[in-house]
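Colleague: Okay, handing you the structure first.
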Number of protein chains: 2
Amino acid sequence: MNSTDIILKMVFDRWNASLKAWDKLLNELTDEQLQKEVAPGKNRGVYLLGHMIAVHDDMLVLLDMGERLYPDWHQTFIDSPDKSVAVIPSVQELRDSWRNQCEVIKQRLENLSPGDWFDRHTAISAEDFVKEPHRNKLNIIVTRTTHLNYHTGQLILLK
Amino acid sequence: MNSTDIILKMVFDRWNASLKAWDKLLNELTDEQLQKEVAPGKNRGVYLLGHMIAVHDDMLVLLDMGERLYPDWHQTFIDSPDKSVAVIPSVQELRDSWRNQCEVIKQRLENLSPGDWFDRHTAISAEDFVKEPHRNKLNIIVTRTTHLNYHTGQLILLK
């Protein structure tokens, strides 16, 4: 194993373990629990689930892997705070969409070769990338892994 | 920049940004706020702060950078759940210790050269490391970064 292979394993082990922890938690929580706020006056579980789908949908674009699967949810779960949008998708629809999205992302990630991960993501220009080569596709996985953990720490409070 | 330099920058950017976010939050929260539970019946802010110091203290040992600075706190903030130990350090003592520990860890990290990060950490044998080269020192930073984000997502609920 060379150092690139090692680092890719480290990053994807963390990403996959974080997804697994979120999934486990999601399966343990009932729809009723997900309707509750993680703490008084804070986001509901259902909002965090929608938020996670919307953020991971953006990854498809950033990684140049196609269009968003649920483009309308960016507005609902990123641009708008919880409880400000009158009608949001049901917990069941969000659970199904999450599962579907995980499968799609997993398949598309597998199509990338090790070298592709050090190419630029779509939110940085070729010109800037010369000066900032760390703003690559792999960094999208690194930053979304910490994002996922941040909200897992909140979702677990519903247990 | 070669790919090792790029990956080190990515990992340490994430680690440092996560520490900065935690620090900012800690400075915004009063001692009274830190005495509260992040959600009803869950850990108090003060416990999370002690827990973070205890976990980062273990990093010193895992990274072979010396002894723990606050060895007794492993028992108080990792082995014991919140509210099970009669007397814990004051918020002020924890704040001071956190600041001190961050400075110590920062200095010791700077003493490592890029290649050192791909050496094994102290919790894996030389024999196992041959088969699992991803269990290196850098992976300690990667996993503690997600740990820090997990609890930052909780601590922010006190705002």
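Ligands are numbered from 1 in the order shown, chains are lettered A, B, ... in the order of the structure tokens, and residues start at 1 in each chain.
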Please give the complete set of residues from range 32-138 of chain B that DSSP, run on the backbone, assigns to helix (DSSP H, G or I), formatted as a PyMOL selection string.

Modeller: chain B and resi 32-34+45-62+73-79+91-110+114-118+126-131+137-138

Colleague: Least-squares superpose chain B onto chain A - every C-alpha atom, paired in order - and show me the moved coordinates as a CSV table (one decimal) with N, CA and C atoms, in the first residue's frame.

Modeller:
```
chain,number,residue,atom,x,y,z
B,1,MET,N,0.8,-1.2,0.1
B,1,MET,CA,0.0,0.0,0.0
B,1,MET,C,0.9,1.3,0.0
B,2,ASN,N,0.7,2.1,-1.0
B,2,ASN,CA,1.4,3.4,-1.0
B,2,ASN,C,0.6,4.4,-0.1
B,3,SER,N,1.3,5.6,0.1
B,3,SER,CA,0.6,6.5,1.0
B,3,SER,C,-0.7,7.1,0.5
B,4,THR,N,-0.9,7.1,-0.8
B,4,THR,CA,-2.2,7.6,-1.4
B,4,THR,C,-3.3,6.5,-1.0
B,5,ASP,N,-3.0,5.3,-1.2
B,5,ASP,CA,-3.9,4.2,-0.9
B,5,ASP,C,-4.3,4.2,0.6
B,6,ILE,N,-3.2,4.5,1.4
B,6,ILE,CA,-3.5,4.5,2.9
B,6,ILE,C,-4.4,5.6,3.2
B,7,ILE,N,-4.1,6.8,2.7
B,7,ILE,CA,-4.9,8.0,3.1
B,7,ILE,C,-6.4,7.8,2.6
B,8,LEU,N,-6.5,7.2,1.4
B,8,LEU,CA,-7.9,7.0,0.9
B,8,LEU,C,-8.6,6.0,1.8
B,9,LYS,N,-7.9,5.0,2.2
B,9,LYS,CA,-8.6,4.1,3.1
B,9,LYS,C,-9.0,4.8,4.4
B,10,MET,N,-8.1,5.6,5.0
B,10,MET,CA,-8.4,6.3,6.2
B,10,MET,C,-9.7,7.2,6.1
B,11,VAL,N,-9.7,8.0,5.0
B,11,VAL,CA,-10.8,8.9,4.8
B,11,VAL,C,-12.1,8.2,4.5
B,12,PHE,N,-12.1,7.1,3.7
B,12,PHE,CA,-13.3,6.4,3.4
B,12,PHE,C,-13.8,5.5,4.5
B,13,ASP,N,-12.8,5.0,5.3
B,13,ASP,CA,-13.2,4.3,6.5
B,13,ASP,C,-14.0,5.2,7.4
B,14,ARG,N,-13.6,6.4,7.6
B,14,ARG,CA,-14.2,7.4,8.5
B,14,ARG,C,-15.6,7.8,7.9
B,15,TRP,N,-15.6,8.0,6.6
B,15,TRP,CA,-16.9,8.4,6.0
B,15,TRP,C,-17.9,7.2,6.1
B,16,ASN,N,-17.5,6.0,5.8
B,16,ASN,CA,-18.4,4.9,5.9
B,16,ASN,C,-18.8,4.5,7.3
B,17,ALA,N,-17.9,4.6,8.2
B,17,ALA,CA,-18.3,4.4,9.6
B,17,ALA,C,-19.3,5.4,10.1
B,18,SER,N,-19.1,6.7,9.7
B,18,SER,CA,-20.0,7.7,10.1
B,18,SER,C,-21.4,7.5,9.5
B,19,LEU,N,-21.4,7.1,8.3
B,19,LEU,CA,-22.7,6.8,7.6
B,19,LEU,C,-23.4,5.7,8.4
B,20,LYS,N,-22.6,4.7,8.7
B,20,LYS,CA,-23.2,3.5,9.4
B,20,LYS,C,-23.8,3.9,10.8
B,21,ALA,N,-23.0,4.8,11.5
B,21,ALA,CA,-23.5,5.2,12.8
B,21,ALA,C,-24.8,6.0,12.7
B,22,TRP,N,-24.9,6.9,11.7
B,22,TRP,CA,-26.1,7.6,11.4
B,22,TRP,C,-27.3,6.7,11.1
B,23,ASP,N,-27.0,5.7,10.2
B,23,ASP,CA,-28.0,4.8,9.8
B,23,ASP,C,-28.6,4.0,11.0
B,24,LYS,N,-27.7,3.5,11.8
B,24,LYS,CA,-28.0,2.7,12.9
B,24,LYS,C,-29.0,3.5,13.8
B,25,LEU,N,-28.6,4.7,14.1
B,25,LEU,CA,-29.4,5.6,14.9
B,25,LEU,C,-30.7,5.9,14.3
B,26,LEU,N,-30.8,6.1,13.0
B,26,LEU,CA,-32.0,6.4,12.3
B,26,LEU,C,-32.9,5.2,12.4
B,27,ASN,N,-32.4,4.0,12.3
B,27,ASN,CA,-33.2,2.8,12.4
B,27,ASN,C,-33.7,2.6,13.8
B,28,GLU,N,-33.0,3.1,14.8
B,28,GLU,CA,-33.4,2.9,16.2
B,28,GLU,C,-34.5,3.9,16.6
B,29,LEU,N,-34.6,5.1,15.9
B,29,LEU,CA,-35.5,6.1,16.3
B,29,LEU,C,-36.8,5.9,15.5
B,30,THR,N,-37.9,6.1,16.2
B,30,THR,CA,-39.2,5.9,15.6
B,30,THR,C,-39.6,7.3,14.9
B,31,ASP,N,-40.6,7.2,14.0
B,31,ASP,CA,-41.0,8.4,13.3
B,31,ASP,C,-41.5,9.5,14.4
B,32,GLU,N,-42.1,9.0,15.4
B,32,GLU,CA,-42.5,10.0,16.5
B,32,GLU,C,-41.3,10.6,17.1
B,33,GLN,N,-40.3,9.9,17.4
B,33,GLN,CA,-39.1,10.5,18.0
B,33,GLN,C,-38.5,11.5,17.1
B,34,LEU,N,-38.5,11.2,15.8
B,34,LEU,CA,-37.9,12.1,14.8
B,34,LEU,C,-38.6,13.4,14.7
B,35,GLN,N,-39.9,13.4,15.1
B,35,GLN,CA,-40.7,14.6,15.0
B,35,GLN,C,-40.3,15.6,16.2
B,36,LYS,N,-39.6,15.1,17.1
B,36,LYS,CA,-39.2,15.9,18.3
B,36,LYS,C,-38.0,16.8,18.1
B,37,GLU,N,-37.9,17.9,18.8
B,37,GLU,CA,-36.7,18.7,18.8
B,37,GLU,C,-35.6,18.0,19.5
B,38,VAL,N,-34.4,18.1,19.0
B,38,VAL,CA,-33.2,17.5,19.7
B,38,VAL,C,-33.0,18.1,21.1
B,39,ALA,N,-33.3,19.4,21.3
B,39,ALA,CA,-33.3,20.0,22.6
B,39,ALA,C,-34.4,21.1,22.4
B,40,PRO,N,-34.9,21.6,23.6
B,40,PRO,CA,-36.0,22.6,23.5
B,40,PRO,C,-35.7,23.8,22.6
B,41,GLY,N,-36.6,24.0,21.6
B,41,GLY,CA,-36.4,25.1,20.7
B,41,GLY,C,-35.4,24.9,19.6
B,42,LYS,N,-34.8,23.7,19.5
B,42,LYS,CA,-33.8,23.5,18.5
B,42,LYS,C,-34.4,22.7,17.3
B,43,ASN,N,-33.6,22.3,16.4
B,43,ASN,CA,-34.1,21.5,15.2
B,43,ASN,C,-34.7,20.2,15.6
B,44,ARG,N,-35.7,19.8,14.8
B,44,ARG,CA,-36.3,18.5,15.0
B,44,ARG,C,-35.5,17.4,14.2
B,45,GLY,N,-35.6,16.2,14.7
B,45,GLY,CA,-34.9,15.1,14.0
B,45,GLY,C,-35.2,15.0,12.5
B,46,VAL,N,-36.5,15.2,12.2
B,46,VAL,CA,-36.9,15.1,10.8
B,46,VAL,C,-36.2,16.2,9.9
B,47,TYR,N,-36.0,17.4,10.5
B,47,TYR,CA,-35.3,18.4,9.8
B,47,TYR,C,-33.8,18.0,9.6
B,48,LEU,N,-33.2,17.5,10.6
B,48,LEU,CA,-31.8,17.1,10.5
B,48,LEU,C,-31.6,16.0,9.4
B,49,LEU,N,-32.6,15.1,9.3
B,49,LEU,CA,-32.6,14.1,8.3
B,49,LEU,C,-32.7,14.7,6.9
B,50,GLY,N,-33.6,15.6,6.7
B,50,GLY,CA,-33.8,16.3,5.4
B,50,GLY,C,-32.5,17.1,5.1
B,51,HIS,N,-32.0,17.8,6.1
B,51,HIS,CA,-30.8,18.6,6.0
B,51,HIS,C,-29.6,17.7,5.5
B,52,MET,N,-29.5,16.5,6.0
B,52,MET,CA,-28.4,15.7,5.6
B,52,MET,C,-28.5,15.2,4.2
B,53,ILE,N,-29.8,14.9,3.8
B,53,ILE,CA,-30.0,14.5,2.4
B,53,ILE,C,-29.7,15.7,1.5
B,54,ALA,N,-30.1,16.9,1.8
B,54,ALA,CA,-29.8,18.1,1.0
B,54,ALA,C,-28.3,18.4,0.9
B,55,VAL,N,-27.6,18.2,2.0
B,55,VAL,CA,-26.2,18.5,1.9
B,55,VAL,C,-25.4,17.4,1.1
B,56,HIS,N,-25.9,16.2,1.3
B,56,HIS,CA,-25.2,15.1,0.5
B,56,HIS,C,-25.6,15.2,-1.0
B,57,ASP,N,-26.8,15.7,-1.3
B,57,ASP,CA,-27.2,16.0,-2.7
B,57,ASP,C,-26.2,17.0,-3.3
B,58,ASP,N,-25.9,18.0,-2.6
B,58,ASP,CA,-24.9,18.9,-3.1
B,58,ASP,C,-23.6,18.3,-3.4
B,59,MET,N,-23.2,17.2,-2.7
B,59,MET,CA,-22.0,16.5,-3.0
B,59,MET,C,-21.9,16.0,-4.4
B,60,LEU,N,-23.1,15.5,-4.9
B,60,LEU,CA,-23.1,15.0,-6.2
B,60,LEU,C,-22.6,16.0,-7.2
B,61,VAL,N,-23.1,17.3,-7.0
B,61,VAL,CA,-22.7,18.4,-7.9
B,61,VAL,C,-21.2,18.7,-7.7
B,62,LEU,N,-20.8,18.9,-6.4
B,62,LEU,CA,-19.4,19.2,-6.1
B,62,LEU,C,-18.4,18.2,-6.6
B,63,LEU,N,-18.8,16.9,-6.6
B,63,LEU,CA,-17.9,15.9,-7.1
B,63,LEU,C,-18.1,15.6,-8.6
B,64,ASP,N,-19.0,16.4,-9.2
B,64,ASP,CA,-19.2,16.2,-10.7
B,64,ASP,C,-19.7,14.8,-11.0
B,65,MET,N,-20.7,14.4,-10.2
B,65,MET,CA,-21.2,13.0,-10.4
B,65,MET,C,-22.7,13.1,-10.8
B,66,GLY,N,-23.1,14.2,-11.3
B,66,GLY,CA,-24.5,14.3,-11.8
B,66,GLY,C,-25.3,15.4,-11.1
B,67,GLU,N,-26.6,15.4,-11.4
B,67,GLU,CA,-27.5,16.4,-10.8
B,67,GLU,C,-28.0,15.9,-9.4
B,68,ARG,N,-28.5,16.9,-8.7
B,68,ARG,CA,-29.1,16.6,-7.4
B,68,ARG,C,-30.3,15.6,-7.6
B,69,LEU,N,-30.5,14.7,-6.6
B,69,LEU,CA,-31.7,13.8,-6.7
B,69,LEU,C,-32.9,14.5,-6.2
B,70,TYR,N,-32.8,15.4,-5.2
B,70,TYR,CA,-33.9,16.1,-4.6
B,70,TYR,C,-33.7,17.6,-4.5
B,71,PRO,N,-33.6,18.2,-5.7
B,71,PRO,CA,-33.2,19.6,-5.8
B,71,PRO,C,-34.0,20.6,-5.0
B,72,ASP,N,-35.3,20.3,-4.8
B,72,ASP,CA,-36.1,21.2,-4.0
B,72,ASP,C,-35.8,21.3,-2.5
B,73,TRP,N,-35.1,20.3,-2.1
B,73,TRP,CA,-34.9,20.2,-0.6
B,73,TRP,C,-33.8,21.1,-0.2
B,74,HIS,N,-33.0,21.6,-1.1
B,74,HIS,CA,-31.9,22.6,-0.7
B,74,HIS,C,-32.6,23.8,-0.1
B,75,GLN,N,-33.7,24.2,-0.7
B,75,GLN,CA,-34.5,25.4,-0.2
B,75,GLN,C,-35.1,25.0,1.2
B,76,THR,N,-35.6,23.9,1.3
B,76,THR,CA,-36.4,23.5,2.5
B,76,THR,C,-35.4,23.2,3.7
B,77,PHE,N,-34.3,22.5,3.4
B,77,PHE,CA,-33.5,22.0,4.5
B,77,PHE,C,-32.1,22.7,4.7
B,78,ILE,N,-31.8,23.6,3.8
B,78,ILE,CA,-30.5,24.3,3.9
B,78,ILE,C,-30.8,25.8,4.0
B,79,ASP,N,-31.5,26.3,3.0
B,79,ASP,CA,-31.8,27.8,3.0
B,79,ASP,C,-32.8,28.2,4.1
B,80,SER,N,-33.7,27.3,4.5
B,80,SER,CA,-34.7,27.7,5.4
B,80,SER,C,-34.5,27.0,6.8
B,81,PRO,N,-34.6,27.7,7.9
B,81,PRO,CA,-34.5,27.0,9.2
B,81,PRO,C,-35.7,26.1,9.4
B,82,ASP,N,-35.6,25.2,10.4
B,82,ASP,CA,-36.6,24.3,10.8
B,82,ASP,C,-37.9,25.1,11.2
B,83,LYS,N,-39.0,24.6,10.9
B,83,LYS,CA,-40.3,25.1,11.3
B,83,LYS,C,-40.7,26.4,10.6
B,84,SER,N,-40.0,26.7,9.5
B,84,SER,CA,-40.3,28.0,8.8
B,84,SER,C,-41.0,27.6,7.5
B,85,VAL,N,-41.0,26.3,7.1
B,85,VAL,CA,-41.6,25.9,5.9
B,85,VAL,C,-42.9,25.1,6.3
B,86,ALA,N,-44.0,25.5,5.7
B,86,ALA,CA,-45.3,24.9,6.2
B,86,ALA,C,-45.4,23.4,6.0
B,87,VAL,N,-45.0,23.0,4.8
B,87,VAL,CA,-45.1,21.5,4.5
B,87,VAL,C,-43.8,21.0,4.1
B,88,ILE,N,-43.4,20.0,4.9
B,88,ILE,CA,-42.1,19.3,4.5
B,88,ILE,C,-42.4,17.8,4.2
B,89,PRO,N,-41.5,17.1,3.6
B,89,PRO,CA,-41.8,15.7,3.3
B,89,PRO,C,-42.0,14.9,4.6
B,90,SER,N,-42.7,13.8,4.5
B,90,SER,CA,-43.0,12.9,5.6
B,90,SER,C,-41.7,12.2,6.0
B,91,VAL,N,-41.6,11.7,7.3
B,91,VAL,CA,-40.5,11.0,7.7
B,91,VAL,C,-40.2,9.8,6.8
B,92,GLN,N,-41.3,9.1,6.5
B,92,GLN,CA,-41.1,7.9,5.6
B,92,GLN,C,-40.5,8.2,4.3
B,93,GLU,N,-41.0,9.3,3.7
B,93,GLU,CA,-40.4,9.7,2.4
B,93,GLU,C,-38.9,10.1,2.6
B,94,LEU,N,-38.6,10.7,3.7
B,94,LEU,CA,-37.2,11.1,3.9
B,94,LEU,C,-36.3,9.9,4.2
B,95,ARG,N,-36.9,8.9,4.9
B,95,ARG,CA,-36.1,7.7,5.2
B,95,ARG,C,-35.8,7.0,3.8
B,96,ASP,N,-36.9,6.9,3.0
B,96,ASP,CA,-36.7,6.2,1.7
B,96,ASP,C,-35.7,6.9,0.8
B,97,SER,N,-35.8,8.2,0.8
B,97,SER,CA,-34.9,9.0,0.0
B,97,SER,C,-33.4,8.9,0.5
B,98,TRP,N,-33.3,8.9,1.8
B,98,TRP,CA,-31.9,8.8,2.4
B,98,TRP,C,-31.3,7.5,1.9
B,99,ARG,N,-32.1,6.4,2.0
B,99,ARG,CA,-31.6,5.1,1.7
B,99,ARG,C,-31.2,5.0,0.2
B,100,ASN,N,-32.1,5.6,-0.6
B,100,ASN,CA,-31.8,5.6,-2.1
B,100,ASN,C,-30.6,6.4,-2.4
B,101,GLN,N,-30.5,7.6,-1.8
B,101,GLN,CA,-29.3,8.5,-2.0
B,101,GLN,C,-28.0,7.8,-1.6
B,102,CYS,N,-28.0,7.2,-0.5
B,102,CYS,CA,-26.8,6.5,0.0
B,102,CYS,C,-26.3,5.5,-1.0
B,103,GLU,N,-27.2,4.8,-1.6
B,103,GLU,CA,-26.9,3.7,-2.6
B,103,GLU,C,-26.3,4.4,-3.9
B,104,VAL,N,-27.0,5.5,-4.3
B,104,VAL,CA,-26.5,6.2,-5.5
B,104,VAL,C,-25.1,6.7,-5.3
B,105,ILE,N,-24.9,7.4,-4.2
B,105,ILE,CA,-23.6,8.0,-3.9
B,105,ILE,C,-22.5,6.9,-3.8
B,106,LYS,N,-22.9,5.8,-3.1
B,106,LYS,CA,-21.9,4.7,-3.0
B,106,LYS,C,-21.5,4.2,-4.3
B,107,GLN,N,-22.4,4.0,-5.2
B,107,GLN,CA,-22.1,3.5,-6.6
B,107,GLN,C,-21.2,4.5,-7.3
B,108,ARG,N,-21.6,5.7,-7.2
B,108,ARG,CA,-20.8,6.7,-8.0
B,108,ARG,C,-19.4,6.9,-7.5
B,109,LEU,N,-19.3,6.8,-6.2
B,109,LEU,CA,-18.0,7.0,-5.6
B,109,LEU,C,-17.0,5.8,-6.1
B,110,GLU,N,-17.6,4.7,-6.2
B,110,GLU,CA,-16.8,3.5,-6.6
B,110,GLU,C,-16.3,3.7,-8.1
B,111,ASN,N,-16.9,4.5,-8.8
B,111,ASN,CA,-16.5,4.8,-10.2
B,111,ASN,C,-15.2,5.6,-10.3
B,112,LEU,N,-14.9,6.3,-9.2
B,112,LEU,CA,-13.7,7.2,-9.3
B,112,LEU,C,-12.5,6.4,-9.0
B,113,SER,N,-11.4,6.7,-9.7
B,113,SER,CA,-10.1,6.0,-9.4
B,113,SER,C,-9.3,6.8,-8.4
B,114,PRO,N,-8.3,6.2,-7.7
B,114,PRO,CA,-7.6,6.9,-6.7
B,114,PRO,C,-7.1,8.3,-7.1
B,115,GLY,N,-6.6,8.4,-8.3
B,115,GLY,CA,-6.1,9.7,-8.7
B,115,GLY,C,-7.1,10.8,-8.8
B,116,ASP,N,-8.3,10.4,-9.2
B,116,ASP,CA,-9.4,11.4,-9.3
B,116,ASP,C,-9.7,12.2,-8.1
B,117,TRP,N,-9.4,11.6,-6.9
B,117,TRP,CA,-9.7,12.3,-5.7
B,117,TRP,C,-8.9,13.5,-5.4
B,118,PHE,N,-7.8,13.6,-6.1
B,118,PHE,CA,-6.9,14.7,-6.0
B,118,PHE,C,-7.1,15.8,-7.1
B,119,ASP,N,-8.2,15.6,-7.9
B,119,ASP,CA,-8.6,16.6,-8.8
B,119,ASP,C,-9.5,17.6,-8.1
B,120,ARG,N,-9.6,18.8,-8.8
B,120,ARG,CA,-10.4,19.8,-8.1
B,120,ARG,C,-11.9,19.5,-8.1
B,121,HIS,N,-12.6,20.0,-7.1
B,121,HIS,CA,-14.1,19.8,-7.1
B,121,HIS,C,-14.7,21.0,-7.9
B,122,THR,N,-16.0,20.9,-8.1
B,122,THR,CA,-16.6,21.9,-9.1
B,122,THR,C,-16.8,23.3,-8.6
B,123,ALA,N,-16.5,23.5,-7.3
B,123,ALA,CA,-16.7,24.9,-6.7
B,123,ALA,C,-15.4,25.7,-6.7
B,124,ILE,N,-14.4,25.2,-7.3
B,124,ILE,CA,-13.1,25.9,-7.4
B,124,ILE,C,-12.7,26.0,-8.9
B,125,SER,N,-12.2,27.1,-9.3
B,125,SER,CA,-11.7,27.3,-10.7
B,125,SER,C,-10.4,26.6,-10.9
B,126,ALA,N,-10.1,26.3,-12.1
B,126,ALA,CA,-8.8,25.6,-12.4
B,126,ALA,C,-7.6,26.5,-12.0
B,127,GLU,N,-7.9,27.8,-12.1
B,127,GLU,CA,-6.8,28.8,-11.8
B,127,GLU,C,-6.5,28.8,-10.3
B,128,ASP,N,-7.6,28.9,-9.5
B,128,ASP,CA,-7.4,28.9,-8.0
B,128,ASP,C,-6.9,27.5,-7.5
B,129,PHE,N,-7.2,26.5,-8.2
B,129,PHE,CA,-6.8,25.1,-7.8
B,129,PHE,C,-5.3,25.0,-7.9
B,130,VAL,N,-4.7,25.7,-8.8
B,130,VAL,CA,-3.2,25.6,-8.9
B,130,VAL,C,-2.6,26.1,-7.6
B,131,LYS,N,-3.2,27.1,-7.0
B,131,LYS,CA,-2.7,27.7,-5.7
B,131,LYS,C,-3.2,26.9,-4.5
B,132,GLU,N,-4.3,26.3,-4.6
B,132,GLU,CA,-4.9,25.6,-3.5
B,132,GLU,C,-5.3,24.2,-3.8
B,133,PRO,N,-4.3,23.3,-4.0
B,133,PRO,CA,-4.5,21.9,-4.5
B,133,PRO,C,-5.2,21.1,-3.4
B,134,HIS,N,-5.4,21.6,-2.2
B,134,HIS,CA,-6.1,20.8,-1.2
B,134,HIS,C,-7.6,20.9,-1.4
B,135,ARG,N,-8.0,21.8,-2.2
B,135,ARG,CA,-9.5,21.9,-2.4
B,135,ARG,C,-9.9,20.9,-3.5
B,136,ASN,N,-9.6,19.7,-3.2
B,136,ASN,CA,-9.9,18.6,-4.2
B,136,ASN,C,-11.1,17.8,-3.8
B,137,LYS,N,-11.4,16.8,-4.6
B,137,LYS,CA,-12.7,16.0,-4.3
B,137,LYS,C,-12.6,15.3,-3.0
B,138,LEU,N,-11.4,14.8,-2.6
B,138,LEU,CA,-11.3,14.1,-1.4
B,138,LEU,C,-11.7,15.0,-0.2
B,139,ASN,N,-11.4,16.3,-0.3
B,139,ASN,CA,-11.7,17.2,0.8
B,139,ASN,C,-13.2,17.4,1.0
B,140,ILE,N,-13.9,17.1,-0.1
B,140,ILE,CA,-15.4,17.1,0.1
B,140,ILE,C,-15.8,16.0,1.0
B,141,ILE,N,-15.2,14.9,0.9
B,141,ILE,CA,-15.5,13.7,1.7
B,141,ILE,C,-15.1,14.0,3.2
B,142,VAL,N,-13.9,14.6,3.3
B,142,VAL,CA,-13.4,14.9,4.7
B,142,VAL,C,-14.3,15.9,5.4
B,143,THR,N,-14.7,17.0,4.7
B,143,THR,CA,-15.6,18.0,5.4
B,143,THR,C,-17.0,17.5,5.6
B,144,ARG,N,-17.5,16.7,4.7
B,144,ARG,CA,-18.9,16.2,4.9
B,144,ARG,C,-18.9,15.1,6.0
B,145,THR,N,-17.8,14.5,6.2
B,145,THR,CA,-17.7,13.5,7.3
B,145,THR,C,-17.8,14.2,8.7
B,146,THR,N,-17.1,15.4,8.8
B,146,THR,CA,-17.2,16.1,10.1
B,146,THR,C,-18.6,16.7,10.2
B,147,HIS,N,-19.2,17.1,9.1
B,147,HIS,CA,-20.6,17.6,9.1
B,147,HIS,C,-21.6,16.6,9.6
B,148,LEU,N,-21.4,15.4,9.1
B,148,LEU,CA,-22.3,14.2,9.5
B,148,LEU,C,-22.1,13.9,11.0
B,149,ASN,N,-20.9,14.0,11.5
B,149,ASN,CA,-20.7,13.7,12.9
B,149,ASN,C,-21.3,14.7,13.8
B,150,TYR,N,-21.2,16.0,13.4
B,150,TYR,CA,-21.8,17.1,14.1
B,150,TYR,C,-23.3,16.9,14.4
B,151,HIS,N,-24.0,16.5,13.3
B,151,HIS,CA,-25.4,16.3,13.5
B,151,HIS,C,-25.8,14.9,14.1
B,152,THR,N,-24.9,14.0,13.9
B,152,THR,CA,-25.1,12.7,14.6
B,152,THR,C,-25.1,12.9,16.1
B,153,GLY,N,-24.2,13.8,16.6
B,153,GLY,CA,-24.1,14.1,18.0
B,153,GLY,C,-25.4,14.8,18.5
B,154,GLN,N,-26.2,15.4,17.6
B,154,GLN,CA,-27.5,16.0,17.9
B,154,GLN,C,-28.6,14.9,17.9
B,155,LEU,N,-28.6,14.2,16.8
B,155,LEU,CA,-29.7,13.2,16.5
B,155,LEU,C,-29.8,12.2,17.7
B,156,ILE,N,-28.6,11.8,18.2
B,156,ILE,CA,-28.6,10.8,19.3
B,156,ILE,C,-29.3,11.3,20.5
B,157,LEU,N,-29.4,12.6,20.7
B,157,LEU,CA,-30.1,13.1,21.9
B,157,LEU,C,-31.6,12.7,21.9
B,158,LEU,N,-32.1,12.3,20.8
B,158,LEU,CA,-33.5,11.9,20.7
B,158,LEU,C,-33.8,10.5,21.3
B,159,LYS,N,-32.7,9.7,21.5
B,159,LYS,CA,-32.8,8.3,22.0
B,159,LYS,C,-33.3,8.3,23.5
```

Colleague: Identify, with DSSP run on backbone atoms, the residues in range 4-159 of chain B assigned to strand (DSSP E or B), and express the list as a list of chain:residue names.

Modeller: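 Here are the strand (DSSP E or B) residues of range 4-159 of chain B: B:Glu37, B:Arg44, B:Arg120, B:Asn136.
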
Colleague: Any chance you can output those residues with N, CA and C atoms as a compact mmCIF listing (two decimals), in the first residue's frame?

Modeller:
```
# COMPACT_ATOMS: atom_id res chain seq x y z
N GLU B 37 -27.55 20.92 31.10
CA GLU B 37 -27.55 19.74 30.23
C GLU B 37 -27.83 20.20 28.79
N ARG B 44 -24.02 17.42 30.70
CA ARG B 44 -23.86 18.86 30.88
C ARG B 44 -22.69 19.37 30.02
N ARG B 120 3.19 4.05 12.91
CA ARG B 120 2.12 3.49 13.75
C ARG B 120 1.93 4.31 15.04
N ASN B 136 -2.25 4.57 11.57
CA ASN B 136 -1.06 5.39 11.81
C ASN B 136 -1.42 6.61 12.65
```
